[in-house]
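With compact mmCIF, C-alpha atoms inside, this is my_file_30.txt:
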```txt
# COMPACT_ATOMS: atom_id res chain seq x y z
CA MET A 244 0.00 0.00 0.00
CA ALA A 245 2.84 2.35 0.89
CA LEU A 246 4.55 1.49 -2.41
CA SER A 247 1.41 2.25 -4.36
CA SER A 248 0.99 5.63 -2.66
CA SER A 249 4.64 6.49 -3.30
CA THR A 250 4.29 5.59 -6.98
CA PHE A 251 1.15 7.75 -7.27
CA ASP A 252 2.89 10.73 -5.65
CA HIS A 253 5.87 10.30 -7.94
CA ALA A 254 3.62 10.28 -11.03
CA ASN A 255 1.85 13.46 -9.86
CA ALA A 256 5.15 15.19 -9.23
CA ARG A 257 6.35 14.19 -12.70
CA LYS A 258 3.19 15.58 -14.32
CA ALA A 259 3.56 18.83 -12.36
CA SER A 260 7.19 19.09 -13.49
CA ILE A 261 6.21 18.65 -17.13
CA GLY A 262 3.46 21.26 -16.69
CA ARG A 263 5.93 23.74 -15.21
CA ARG A 264 8.32 23.16 -18.10
CA PHE A 265 5.59 23.89 -20.64
CA SER A 266 4.53 26.94 -18.65
CA ARG A 267 8.09 28.31 -18.52
CA TYR A 268 8.60 27.58 -22.21
CA PHE A 269 5.45 29.44 -23.28
CA HIS A 270 6.30 32.26 -20.89
CA ARG A 271 9.64 32.66 -22.64
CA HIS A 272 7.94 32.50 -26.07
CA PRO A 273 4.77 34.65 -25.78
CA ARG A 274 4.28 34.88 -29.55
CA LEU A 275 4.08 31.10 -29.81
CA SER A 276 1.48 30.92 -27.04
CA ILE A 277 -0.62 33.62 -28.75
CA LEU A 278 -0.30 31.79 -32.06
CA LEU A 279 -1.50 28.52 -30.55
CA LEU A 280 -4.34 30.33 -28.82
CA LEU A 281 -5.53 31.95 -32.05
CA ALA A 282 -4.69 29.11 -34.44
CA LEU A 283 -8.16 27.56 -34.57
CA PRO A 284 -10.11 30.86 -34.94
CA LEU A 285 -7.64 32.10 -37.57
CA LEU A 286 -7.89 28.81 -39.45
CA TRP A 287 -11.68 29.09 -39.44
CA LEU A 288 -11.55 32.74 -40.54
CA GLY A 289 -9.04 32.04 -43.28
CA ALA A 290 -10.67 28.89 -44.64
CA VAL A 291 -14.33 29.83 -44.36
CA TYR A 292 -14.50 33.61 -44.54
CA PHE A 293 -11.61 34.58 -46.81
CA GLY A 294 -11.90 31.31 -48.70
CA SER A 295 -15.54 32.00 -49.57
CA LEU A 296 -14.73 35.59 -50.55
CA GLY A 297 -11.92 34.35 -52.77
CA ALA A 298 -14.25 31.83 -54.42
CA LEU A 299 -16.81 34.59 -54.92
CA VAL A 300 -14.31 36.88 -56.63
CA LEU A 301 -13.06 33.98 -58.77
CA GLN A 302 -16.58 33.08 -59.89
CA SER A 303 -17.19 36.67 -60.92
CA PHE A 304 -14.71 36.06 -63.77
CA PHE A 305 -16.44 32.88 -64.99
CA HIS A 306 -18.46 32.75 -68.19
CA TYR A 307 -22.21 32.21 -68.14
CA ASP A 308 -23.61 30.45 -71.19
CA SER A 309 -27.08 31.94 -71.55
CA TYR A 310 -28.03 29.33 -74.16
CA SER A 311 -27.40 26.26 -71.98
CA GLY A 312 -27.70 27.99 -68.61
CA HIS A 313 -24.35 26.55 -67.49
CA VAL A 314 -21.48 28.34 -65.76
CA LEU A 315 -18.19 27.65 -67.52
CA PRO A 316 -14.86 28.07 -65.65
CA GLN A 317 -13.42 30.26 -68.40
CA LEU A 318 -11.88 33.46 -67.09
CA THR A 319 -13.40 36.54 -68.67
CA GLY A 320 -14.13 40.15 -67.77
CA GLU A 321 -17.52 40.26 -69.50
CA ASN A 322 -19.40 40.32 -66.19
CA TYR A 323 -17.68 43.51 -65.08
CA LEU A 324 -18.27 45.06 -68.50
CA GLU A 325 -21.94 44.23 -68.07
CA LEU A 326 -21.93 46.15 -64.80
CA LEU A 327 -21.27 49.28 -66.86
CA SER A 328 -24.58 48.92 -68.67
CA PRO A 329 -27.12 51.68 -67.86
CA SER A 330 -29.44 49.33 -65.96
CA ASN A 331 -26.71 47.93 -63.69
CA LEU A 332 -25.10 51.34 -63.19
CA SER A 333 -28.44 52.73 -62.06
CA ILE A 334 -28.72 49.90 -59.51
CA VAL A 335 -25.26 50.65 -58.12
CA LEU A 336 -25.83 54.41 -58.00
CA ARG A 337 -29.30 54.01 -56.46
CA THR A 338 -28.00 51.72 -53.73
CA THR A 339 -24.96 53.87 -52.96
CA SER A 340 -27.05 57.06 -52.86
CA MET A 341 -29.50 55.46 -50.44
CA ALA A 342 -26.63 54.26 -48.23
CA VAL A 343 -25.17 57.79 -48.13
CA ALA A 344 -28.57 59.36 -47.36
CA VAL A 345 -29.28 56.84 -44.59
CA THR A 346 -25.84 57.35 -43.07
CA LEU A 347 -26.12 61.15 -43.02
CA ALA A 348 -29.63 61.08 -41.52
CA SER A 349 -28.61 58.53 -38.90
CA ALA A 350 -25.64 60.65 -37.85
CA LEU A 351 -27.78 63.79 -37.56
CA LEU A 352 -30.35 61.98 -35.43
CA ALA A 353 -27.94 59.92 -33.35
CA PHE A 354 -25.48 62.61 -32.27
CA PRO A 355 -27.90 64.82 -30.26
CA LEU A 356 -29.37 61.80 -28.50
CA ALA A 357 -25.97 60.33 -27.65
CA TYR A 358 -24.69 63.76 -26.56
CA TYR A 359 -27.64 64.32 -24.23
CA SER A 360 -27.32 60.82 -22.81
CA VAL A 361 -23.62 61.27 -22.03
CA ARG A 362 -23.54 64.89 -20.86
CA TYR A 363 -26.89 65.53 -19.21
CA ALA A 364 -28.82 62.31 -18.49
CA LYS A 365 -28.26 60.80 -15.06
CA GLY A 366 -29.21 57.62 -13.28
CA ARG A 367 -32.55 56.15 -14.29
CA THR A 368 -33.02 58.57 -17.19
CA LYS A 369 -29.73 57.48 -18.74
CA ALA A 370 -30.60 53.82 -18.27
CA LEU A 371 -34.02 54.33 -19.88
CA LEU A 372 -32.48 56.11 -22.86
CA TYR A 373 -29.99 53.30 -23.33
CA LEU A 374 -32.78 50.74 -23.07
CA ALA A 375 -34.86 52.66 -25.63
CA VAL A 376 -31.96 52.51 -28.08
CA ILE A 377 -31.33 48.78 -27.82
CA LEU A 378 -34.95 47.65 -27.25
CA PRO A 379 -35.81 47.51 -31.01
CA LEU A 380 -32.89 45.12 -31.52
CA TRP A 381 -34.64 42.57 -29.32
CA SER A 382 -37.51 42.15 -31.80
CA SER A 383 -37.45 40.39 -35.14
CA TYR A 384 -36.01 42.32 -38.06
CA ILE A 385 -38.79 41.04 -40.36
CA VAL A 386 -41.50 42.06 -37.89
CA ARG A 387 -40.13 45.59 -37.66
CA VAL A 388 -39.96 45.98 -41.44
CA TYR A 389 -43.50 44.73 -42.01
CA SER A 390 -44.77 46.90 -39.15
CA TRP A 391 -43.38 49.92 -40.95
CA LYS A 392 -45.11 48.80 -44.15
CA LEU A 393 -48.41 49.12 -42.29
CA ILE A 394 -47.40 52.41 -40.69
CA LEU A 395 -46.45 53.94 -44.04
CA ALA A 396 -49.46 52.62 -45.98
CA ARG A 397 -52.05 55.03 -47.35
CA GLU A 398 -54.40 53.91 -44.57
CA GLY A 399 -51.59 53.93 -41.98
CA ILE A 400 -51.13 56.05 -38.91
CA ILE A 401 -48.82 58.59 -40.56
CA SER A 402 -51.37 59.41 -43.27
CA TRP A 403 -54.11 59.55 -40.63
CA PHE A 404 -52.08 61.86 -38.40
CA LEU A 405 -51.27 64.24 -41.27
CA ALA A 406 -54.95 64.23 -42.24
CA GLN A 407 -55.87 65.35 -38.72
CA LEU A 408 -53.44 68.24 -39.10
CA GLY A 409 -54.82 69.16 -42.51
CA MET A 410 -51.53 68.29 -44.23
CA THR A 411 -52.81 65.61 -46.61
CA GLN A 412 -52.18 67.82 -49.62
CA LEU A 413 -48.59 68.40 -48.51
CA LEU A 414 -48.04 64.64 -48.34
CA GLU A 415 -49.57 64.22 -51.80
CA ASN A 416 -47.26 66.91 -53.21
CA VAL A 417 -44.22 65.22 -51.65
CA LEU A 418 -45.23 61.86 -53.09
CA LYS A 419 -45.43 63.45 -56.54
CA LEU A 420 -41.75 64.42 -56.45
CA PRO A 421 -39.71 62.43 -58.98
CA GLY A 422 -37.16 60.03 -57.57
CA ILE A 423 -38.50 59.88 -54.01
CA GLY A 424 -42.30 59.74 -54.41
CA GLY A 425 -44.78 56.99 -55.15
CA ALA A 426 -48.38 55.89 -54.72
CA SER A 427 -47.93 56.02 -50.93
CA LEU A 428 -45.13 56.28 -48.41
CA SER A 429 -44.91 52.49 -48.30
CA MET A 430 -44.28 52.46 -52.06
CA SER A 431 -41.78 55.30 -52.27
CA MET A 432 -38.05 55.86 -51.88
CA LEU A 433 -38.85 58.33 -49.10
CA GLY A 434 -40.60 55.63 -47.10
CA MET A 435 -37.76 53.18 -47.74
CA TRP A 436 -35.28 55.78 -46.49
CA MET A 437 -37.33 56.25 -43.31
CA VAL A 438 -37.36 52.50 -42.63
CA PHE A 439 -33.62 52.18 -43.27
CA VAL A 440 -32.89 55.02 -40.83
CA TYR A 441 -35.12 53.47 -38.17
CA ILE A 442 -33.63 49.99 -38.54
CA TRP A 443 -29.96 51.03 -38.50
CA LEU A 444 -30.13 54.03 -36.13
CA PRO A 445 -29.04 52.06 -33.00
CA TYR A 446 -25.85 51.02 -34.81
CA MET A 447 -25.00 54.71 -35.17
CA ILE A 448 -25.99 55.78 -31.66
CA LEU A 449 -23.91 53.21 -29.76
CA PRO A 450 -20.48 54.05 -31.30
CA ILE A 451 -21.10 57.79 -30.92
CA HIS A 452 -22.15 57.22 -27.31
CA ALA A 453 -18.93 55.26 -26.68
CA ALA A 454 -16.80 57.98 -28.31
CA LEU A 455 -18.43 60.76 -26.26
CA GLU A 456 -17.93 58.75 -23.06
CA ARG A 457 -14.19 58.84 -23.76
CA VAL A 458 -14.03 62.64 -23.96
CA PRO A 459 -12.69 63.74 -20.55
CA LYS A 460 -14.84 66.31 -18.75
CA THR A 461 -11.68 67.96 -17.51
CA LEU A 462 -10.79 68.77 -21.11
CA LEU A 463 -14.12 70.53 -21.58
CA GLU A 464 -13.65 72.39 -18.31
CA ALA A 465 -10.17 73.46 -19.38
CA SER A 466 -11.62 74.82 -22.62
CA GLY A 467 -14.10 76.91 -20.64
CA ASP A 468 -11.37 78.12 -18.27
CA LEU A 469 -9.40 79.33 -21.28
CA GLY A 470 -12.31 81.51 -22.34
CA ALA A 471 -14.04 79.34 -24.95
CA ARG A 472 -17.80 79.63 -25.17
CA PRO A 473 -19.91 76.42 -25.06
CA GLY A 474 -20.40 76.52 -28.82
CA GLN A 475 -16.67 76.90 -29.43
CA THR A 476 -15.93 74.03 -27.05
CA PHE A 477 -18.38 71.83 -28.90
CA TRP A 478 -17.00 72.57 -32.37
CA LYS A 479 -13.32 72.71 -31.45
CA VAL A 480 -13.08 70.00 -28.78
CA THR A 481 -16.12 67.71 -28.47
CA LEU A 482 -16.97 67.16 -32.13
CA PRO A 483 -13.40 66.41 -33.33
CA LEU A 484 -12.91 63.91 -30.50
CA ALA A 485 -16.29 62.28 -31.17
CA LEU A 486 -15.79 62.14 -34.95
CA PRO A 487 -14.23 58.63 -34.87
CA GLY A 488 -17.44 57.40 -33.24
CA VAL A 489 -19.51 58.97 -36.02
CA VAL A 490 -17.33 57.33 -38.66
CA ALA A 491 -17.47 54.00 -36.81
CA GLY A 492 -21.27 54.17 -36.76
CA SER A 493 -21.32 55.08 -40.43
CA ILE A 494 -19.45 51.86 -41.22
CA PHE A 495 -22.43 49.91 -39.91
CA THR A 496 -25.19 52.02 -41.45
CA PHE A 497 -23.45 52.34 -44.82
CA SER A 498 -22.46 48.69 -45.22
CA LEU A 499 -25.77 47.30 -43.92
CA THR A 500 -27.74 49.51 -46.33
CA LEU A 501 -25.54 48.48 -49.25
CA GLY A 502 -26.23 44.79 -48.80
CA ASP A 503 -29.84 44.78 -47.60
CA PHE A 504 -32.46 43.27 -49.90
CA ILE A 505 -35.40 42.76 -47.51
CA ILE A 506 -36.31 46.42 -47.00
CA PRO A 507 -36.13 47.31 -50.73
CA GLY A 508 -38.20 44.22 -51.48
CA THR A 509 -40.86 45.16 -48.90
CA ILE A 510 -40.92 48.96 -48.99
CA GLY A 511 -40.65 51.12 -52.08
CA ASN A 512 -41.34 50.70 -55.75
CA SER A 513 -40.01 48.12 -58.21
CA SER A 514 -36.58 49.77 -58.54
CA LEU A 515 -33.87 47.20 -57.85
CA PHE A 516 -31.07 47.52 -55.30
CA ILE A 517 -27.82 45.55 -55.33
CA GLY A 518 -29.06 42.93 -52.87
CA GLN A 519 -32.21 42.31 -54.90
CA ALA A 520 -30.26 42.12 -58.16
CA VAL A 521 -27.86 39.58 -56.68
CA LEU A 522 -30.75 37.47 -55.40
CA ARG A 523 -32.50 37.61 -58.77
CA HIS A 524 -29.42 36.73 -60.83
CA GLN A 525 -28.29 33.80 -58.72
CA GLY A 526 -31.77 32.55 -57.91
CA THR A 527 -34.14 33.02 -60.82
CA ALA A 528 -31.74 33.38 -63.75
CA GLY A 529 -28.94 31.21 -62.38
CA ASN A 530 -26.36 33.75 -63.59
CA ILE A 531 -24.02 33.25 -60.66
CA PRO A 532 -20.98 34.99 -62.27
CA LEU A 533 -22.92 38.24 -62.78
CA ALA A 534 -24.37 37.96 -59.27
CA ALA A 535 -20.83 37.52 -57.92
CA ALA A 536 -19.63 40.54 -59.90
CA LEU A 537 -22.47 42.62 -58.42
CA THR A 538 -21.49 41.42 -54.96
CA VAL A 539 -17.91 42.59 -55.52
CA VAL A 540 -19.19 46.16 -56.00
CA PRO A 541 -20.23 46.77 -52.34
CA MET A 542 -17.08 44.92 -51.24
CA ALA A 543 -14.95 47.36 -53.23
CA VAL A 544 -16.94 50.36 -52.02
CA MET A 545 -16.59 49.25 -48.40
CA ALA A 546 -12.87 48.58 -48.83
CA VAL A 547 -12.33 52.20 -49.87
CA TYR A 548 -14.65 53.39 -47.12
CA LEU A 549 -12.82 51.38 -44.45
CA VAL A 550 -9.45 52.80 -45.54
CA ILE A 551 -10.81 56.32 -45.11
CA ALA A 552 -12.45 55.39 -41.80
CA ARG A 553 -9.21 53.92 -40.49
CA ARG A 554 -7.35 57.13 -41.25
CA LEU A 555 -10.01 59.05 -39.32
CA GLY A 556 -9.46 56.78 -36.31
CA ALA A 557 -12.87 55.11 -36.50
CA PHE A 558 -11.62 51.72 -35.34
CA ASP A 559 -10.63 53.26 -32.01
CA ALA A 560 -14.33 53.85 -31.28
CA LEU A 561 -15.61 50.40 -32.23
```

Please lay out the structure from this file as structure tokens.
Amino acid sequence: MALSSSTFDHANARKASIGRRFSRYFHRHPRLSILLLLALPLLWLGAVYFGSLGALVLQSFFHYDSYSGHVLPQLTGENYLELLSPSNLSIVLRTTSMAVAVTLASALLAFPLAYYSVRYAKGRTKALLYLAVILPLWSSYIVRVYSWKLILAREGIISWFLAQLGMTQLLENVLKLPGIGGASLSMSMLGMWMVFVYIWLPYMILPIHAALERVPKTLLEASGDLGARPGQTFWKVTLPLALPGVVAGSIFTFSLTLGDFIIPGTIGNSSLFIGQAVLRHQGTAGNIPLAAALTVVPMAVMAVYLVIARRLGAFDAL
């Protein structure tokens, strides 16, 4: 019995010694320990994410035989030349313009709310504001979009409310405007823009809120002590320091609008957006190379946008 216990203790001591050796080795080689720690996630990211993106870009150069409906692995640039056609260019410009409009509106709405929450709201009020921002994210995306379709309909609450104010004619005149109007708000670019802003607004508020939280109050007090008026402090101190948060939020609103196909398919007229065109080409027509080429467009736009955002320090506020 004593021999068995001694053998067991010796085995435990040997295991502990081996463990200490490994621990000392990895302590002396921190890069190796980090590499081993991140090996599996990086392998997954490289194989699945970048691998699928690489396959997507490669397929955008394949040839689609419209006669047989087959995709041939023959490298060609005809898909990108087809993107320059008036119909495809209008889709790209329409989608990009909507993404820009949604991003600007979201920033203008989000900044005052985030600024008030950080600088003036206290205790329960601040908690309620934060809850109001994230509460829509708890509900289904589809439910929110279809709820807005009912709200924006001709018989919806917005039309009813404007009728009570005697502003029905104003709404009719707005809906007659080319480019943004339609039969009703639910079938217009204006209504689609409103839904986009509502859906993506929390993704703009949260980064701006985080950026404003990082602005030291002592810096604002020092600006006042040096004779700056509140407006000068805001424009010269607060806004430049919060700008990375605005740019970080714009990454979300811009990219999400570029790729969305549910809102344009539910709200608005029959004008196609990039997401809808991709779905139609790869689903109905089976033209996967052209669909892949269309998908590369928002990827290229976002690549340029991310380079600019990085130079503005947006990633520091994510």

Quick one: everything within 8 Å of Val438 in chain A, counting only C-alpha atoms, minus sequence neighbours fewer than 2 positions away in the same chain. Send it as a ChimeraX atom specification. /A:388,391,434-436,440-442,506

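For range 392-396 of chain A, the non-local neighbours within 10 Å, defined as residues at least 3 positions apart in the same chain or in other chains and counting all atoms listed in the file, are Val386, Arg387, Val388, Tyr389, Gly399, Ile400, Ile401, Ser402, Trp403, Ala426, Ser427, Leu428, Ser429, Met430, Ser431, Gly434, Met435, Met437, Val438, Ile506, Thr509, Ile510 and Gly511 of chain A.
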
Mind dumping a table of every range 377-477 of chain A residue within 8 Å of range 343-353 of chain A, with the nearest atom pair and its distance in Å to one decimal, using only C-alpha atoms, sorted by chain and rising number, as a Markdown table?
```
| residue | atom | partner | partner_atom | distance |
| --- | --- | --- | --- | --- |
| A:Trp436 | CA | A:Val345 | CA | 6.4 |
| A:Phe439 | CA | A:Val345 | CA | 6.5 |
| A:Val440 | CA | A:Val345 | CA | 5.5 |
| A:Trp443 | CA | A:Ser349 | CA | 7.6 |
| A:Leu444 | CA | A:Ser349 | CA | 5.5 |
| A:Pro445 | CA | A:Ala353 | CA | 7.9 |
| A:Met447 | CA | A:Ala353 | CA | 6.3 |
| A:Ile448 | CA | A:Ala353 | CA | 4.9 |
| A:Ile451 | CA | A:Ala353 | CA | 7.6 |
```

Pick out the residues sitting within 10 Å of Val540 in chain A, and hand them over as a compact mmCIF listing (two decimals) with C-alpha atoms, keeping the file's coordinate frame; count only C-alpha atoms, and ignore anything fewer than 2 positions along from it in its own chain.
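Contents of the output file selection31.txt:
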```
# COMPACT_ATOMS: atom_id res chain seq x y z
CA TYR A 323 -17.68 43.51 -65.08
CA LEU A 326 -21.93 46.15 -64.80
CA VAL A 335 -25.26 50.65 -58.12
CA LEU A 501 -25.54 48.48 -49.25
CA ILE A 517 -27.82 45.55 -55.33
CA ALA A 535 -20.83 37.52 -57.92
CA ALA A 536 -19.63 40.54 -59.90
CA LEU A 537 -22.47 42.62 -58.42
CA THR A 538 -21.49 41.42 -54.96
CA MET A 542 -17.08 44.92 -51.24
CA ALA A 543 -14.95 47.36 -53.23
CA VAL A 544 -16.94 50.36 -52.02
CA MET A 545 -16.59 49.25 -48.40
CA ALA A 546 -12.87 48.58 -48.83
```

Nearest to Thr461 in chain A, chosen from A:Thr338, A:Ser333, A:Gln475, A:Thr481, with only C-alpha atoms counted in the distances: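 Of all the options, A:Thr481 lies closest to Thr461 in chain A.
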
Write out as an NGL selection string which residues come within 8 Å of Ser498 in chain A when counting all atoms listed in the file, dropping same-chain ones fewer than 4 positions away. :A and (342 or 494 or 502 or 541 or 545)

Which residues, written as number ranges by chain, have at least one atom at most 12 Å from Leu462 in chain A, with all atoms listed in the file counted and residues fewer than 6 positions away on the same chain left out? A: 468-469, 471, 476-477, 479-481, 484

Distance of CA of Val490 in chain A from CA of Ile551 in chain A, expressed in Å to one decimal place: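 Separation between CA of Ile551 in chain A and CA of Val490 in chain A: 9.2 Å.
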
Would you work out the distance separating CA of Leu522 in chain A from CA of Trp287 in chain A, expressed in Å to one decimal? 26.2 Å

In Å, rounded to a single decimal, give me how far CA of Val547 in chain A is from CA of Gly320 in chain A.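 Computing the Euclidean distance for CA of Gly320 in chain A and CA of Val547 in chain A yields 21.7 Å.
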
Using all atoms listed in the file for the distances, tell me which of A:Pro483, A:His313, A:Gly492, A:Leu515 is nearest to Tyr446 in chain A. A:Gly492

Rank A:Pro532, A:Ser360, A:Ala454, A:Gly424 by their smallest atom-to-atom distance to Leu318 in chain A, using only C-alpha atoms, and report the top residue only.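 Smallest separation from Leu318 in chain A among the options: A:Pro532.
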
Let me know the centre plus edge lengths, in Å and rounded to one decimal, of a box with edges along x, y and z that contains all listed atoms of range 326-340 of chain A and is padded by 4 Å on every side, as lines of an AutoDock Vina configuration file.
```
center_x = -25.4
center_y = 51.6
center_z = -60.8
size_x = 16.2
size_y = 18.9
size_z = 23.8
```
